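Single-structure report; data block below.
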Amino acid sequence: MKLAIISDIHGNQIALEAVLADIKRVGVDQIICLGDIANVGPHPGQCIDIIRDLNCPVLQGNHELYLLGCFEDDAWRTSPIWAGMRWAREQLRPDQIDFIANLPLRYEIEGNGRARATFVHASPLTQYRGFMPHHDDTAIAERMNGLDDTTLFCGHTHVPLYRPWSNSWLVNTGALGMPIDGTPTAKYVIATQLQQEWHVQYRMIEYNLKQLMAEFEAVGLQEVGGKVTAVFRYQMLTGQPLGNYFFDEMNRLIQNEKLPAEQALAQVRLPDLVMGWCNGGAVKR
């Protein structure tokens, strides 16, 4: 069995189409999508429709939950931090909302030992806590949540990972639509089931970034999403993890200095390219 495993598309139709063209050239038995299909990029509804038309296993990621309004409180309805997500949510038809609401959290392929495969968005523990290269065995065990004797395929952190743990292998596919591993190429994995294990090949696909950048303006997402959208846009363009700094600084200003979200957004200084996209950091309404 030969699989193509994709994850973290994030509304990037141009990257998705480039990867699907590569998958067609390679030839696989099945595609599996690990979630985070629609939010962040300029083509949320289009990406959902493309994935649905593949008629393949699809899992629910944390960004599907965001689009469904699954938050602890109602701050997301008005906060400028979530303006881009609200825009994406408004682009979706009722049938697309129903589709992401009913996605499963896990998919399994039978096999012996590491030839067995388990597919999740982030980890067996939760859709929000994934695996990073620096995690030690204790952090991995917590996220595995009792699961072992499998090859685990996951996404969520946007950073490729391939390592053994206990009686398992961990395979993070990296991100198709918004990698933050230092390169902007769309990442996915080809996995072939052998008798005792899975053979894993990472694929890195170039696509038209100039066209993608133009789409943020053309559909109106950049104007609505402001600085938060510009940060995600920068990550798509460069593959650099600007969001880590941005959200850490936002949390510091909001929690430690007790600033309202809009004031915190205005104070965070970002690269000139990003500031130019969002007109000096103001969120247009």
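Letters A, B, ... go to the chains of the structure tokens in the order shown; residues in each chain start at 1; ligands are counted from 1 in the same order.
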
All residues 9 Å or closer to Asp137 of chain A, only C-alpha atoms, same chain fewer than 5 positions away omitted, as a list of chain:residue names:
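Near neighbours after the sequence-gap exclusion: A:Glu142, A:Trp165, A:Ser166.
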
Near segment 192-202 of chain A, counting only C-alpha atoms, which residues have an atom at most 9 Å away, once you skip same-chain residues fewer than 3 positions from it, shown as a CSV table (one decimal) with C-alpha atoms, in the first residue's frame?
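part.csv written:
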chain,number,residue,atom,x,y,z
A,1,MET,CA,0.0,0.0,0.0
A,2,LYS,CA,1.3,3.4,-1.0
A,3,LEU,CA,-0.1,6.5,0.5
A,4,ALA,CA,0.2,10.3,0.1
A,111,GLY,CA,-0.5,-4.2,10.3
A,112,ASN,CA,2.0,-5.9,12.6
A,113,GLY,CA,4.1,-3.8,14.9
A,114,ARG,CA,5.4,-0.7,13.1
A,115,ALA,CA,3.6,-1.8,9.9
A,116,ARG,CA,0.4,-0.7,11.7
A,117,ALA,CA,-0.4,3.0,11.0
A,150,THR,CA,2.5,1.8,15.6
A,151,THR,CA,3.8,4.3,13.0
A,160,PRO,CA,8.8,17.7,9.6
A,162,TYR,CA,10.9,11.4,11.6
A,171,VAL,CA,6.2,10.9,11.3
A,173,THR,CA,4.5,15.4,7.5
A,174,GLY,CA,5.3,19.1,7.7
A,187,LYS,CA,5.6,19.6,2.2
A,188,TYR,CA,4.0,16.2,2.2
A,189,VAL,CA,4.9,12.5,2.7

Run DSSP on the backbone and give me the residues of segment 76-218 of chain A it puts in strand (DSSP E), as a PyMOL selection string.
chain A and resi 106-109+117-120+151-154+161-165+168-172+186-193+198-205

Keeping only C-alpha atoms, write those residues as a PDB file, in the first residue's frame.
ATOM      1  CA  ARG A 106      -8.325   9.387  14.019  1.00  0.00           C
ATOM      2  CA  TYR A 107      -7.777   6.876  11.227  1.00  0.00           C
ATOM      3  CA  GLU A 108      -6.111   3.455  11.447  1.00  0.00           C
ATOM      4  CA  ILE A 109      -4.509   0.983   9.028  1.00  0.00           C
ATOM      5  CA  ALA A 117      -0.366   3.008  11.036  1.00  0.00           C
ATOM      6  CA  THR A 118      -2.255   5.577  13.089  1.00  0.00           C
ATOM      7  CA  PHE A 119      -3.220   8.974  11.681  1.00  0.00           C
ATOM      8  CA  VAL A 120      -4.097  12.043  13.785  1.00  0.00           C
ATOM      9  CA  THR A 151       3.793   4.287  13.035  1.00  0.00           C
ATOM     10  CA  LEU A 152       2.079   7.553  13.896  1.00  0.00           C
ATOM     11  CA  PHE A 153       1.495  10.070  11.095  1.00  0.00           C
ATOM     12  CA  CYS A 154       0.673  13.593  12.221  1.00  0.00           C
ATOM     13  CA  LEU A 161       9.821  15.003  12.087  1.00  0.00           C
ATOM     14  CA  TYR A 162      10.909  11.387  11.627  1.00  0.00           C
ATOM     15  CA  ARG A 163      12.108   9.541  14.710  1.00  0.00           C
ATOM     16  CA  PRO A 164      11.709   6.312  16.678  1.00  0.00           C
ATOM     17  CA  TRP A 165      10.101   6.286  20.092  1.00  0.00           C
ATOM     18  CA  SER A 168       6.792   3.227  17.447  1.00  0.00           C
ATOM     19  CA  TRP A 169       7.858   5.668  14.761  1.00  0.00           C
ATOM     20  CA  LEU A 170       6.694   9.287  14.715  1.00  0.00           C
ATOM     21  CA  VAL A 171       6.237  10.898  11.307  1.00  0.00           C
ATOM     22  CA  ASN A 172       5.280  14.564  11.100  1.00  0.00           C
ATOM     23  CA  ALA A 186       4.876  22.669   0.151  1.00  0.00           C
ATOM     24  CA  LYS A 187       5.634  19.574   2.213  1.00  0.00           C
ATOM     25  CA  TYR A 188       3.958  16.175   2.225  1.00  0.00           C
ATOM     26  CA  VAL A 189       4.874  12.504   2.703  1.00  0.00           C
ATOM     27  CA  ILE A 190       4.724   9.395   0.540  1.00  0.00           C
ATOM     28  CA  ALA A 191       4.493   6.320   2.789  1.00  0.00           C
ATOM     29  CA  THR A 192       4.710   2.721   1.552  1.00  0.00           C
ATOM     30  CA  GLN A 193       3.622  -0.122   3.827  1.00  0.00           C
ATOM     31  CA  TRP A 198       6.563   1.932   6.617  1.00  0.00           C
ATOM     32  CA  HIS A 199       9.008   3.430   4.143  1.00  0.00           C
ATOM     33  CA  VAL A 200       8.685   7.219   4.331  1.00  0.00           C
ATOM     34  CA  GLN A 201       9.689   9.733   1.650  1.00  0.00           C
ATOM     35  CA  TYR A 202       9.388  13.482   2.176  1.00  0.00           C
ATOM     36  CA  ARG A 203       8.371  15.560  -0.846  1.00  0.00           C
ATOM     37  CA  MET A 204       9.026  19.307  -1.192  1.00  0.00           C
ATOM     38  CA  ILE A 205       7.093  21.023  -3.975  1.00  0.00           C
TER      39      ILE A 205
END

Let me make sure I understand: among A:Ser7, A:Gln91, A:Gln235, A:Ser79, which one has the smallest atom-to-atom distance to Pro260 of chain A if we use only C-alpha atoms?
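Checking each of A:Ser7, A:Gln91, A:Gln235, A:Ser79 against Pro260 of chain A, counting only C-alpha atoms, the winner is A:Ser79.
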
Fewer than 6 positions away in the same chain doesn't count, so skip those; otherwise give me all residues within 12 Å of segment 69-72 of chain A, counting only C-alpha atoms, as a list of chain:residue names.
A:Gly61, A:Asn62, A:His63, A:Trp82, A:Met85, A:Arg86, A:Ala88, A:Arg89, A:Glu90, A:Ile97, A:Ile100, A:Ala101

As a ChimeraX atom specification, which residues of segment 37-243 of chain A does DSSP assign to alpha helix (DSSP H)?
/A:44-53,62-67,83-91,94-101,137-144,209-218,221-238,242-243

Could you state the separation of atom CA of His10 of chain A and atom CA of Leu253 of chain A in Å, given to one decimal place?
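Atom CA of Leu253 of chain A lies at a distance of 26.9 Å from atom CA of His10 of chain A.
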
What separation in Å, quoted to one decimal, exists between atom CA of Ala83 of chain A and atom CA of Val224 of chain A?
6.3 Å

What does the distance from atom CA of Gly11 of chain A to atom CA of Met213 of chain A come to in Å, to one decimal?
12.5 Å

Please list as an MDAnalysis selection string every residue within 10 Å of Asp181 of chain A, counting only C-alpha atoms and excluding residues in the same chain fewer than 3 positions away.
chainID A and resid 157:160 174:175 178 184:185 187 235 238:241

Which is closer to Ala261 of chain A than all the others in A:Val228, A:Met275, A:Leu237, A:Leu221, using only C-alpha atoms?
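Of the candidates, the smallest distance to Ala261 of chain A is held by A:Val228.
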
Between A:Asn244, A:Gln222, A:Asn251, A:Asn145, smallest distance to Arg129 of chain A by only C-alpha atoms belongs to A:Asn145
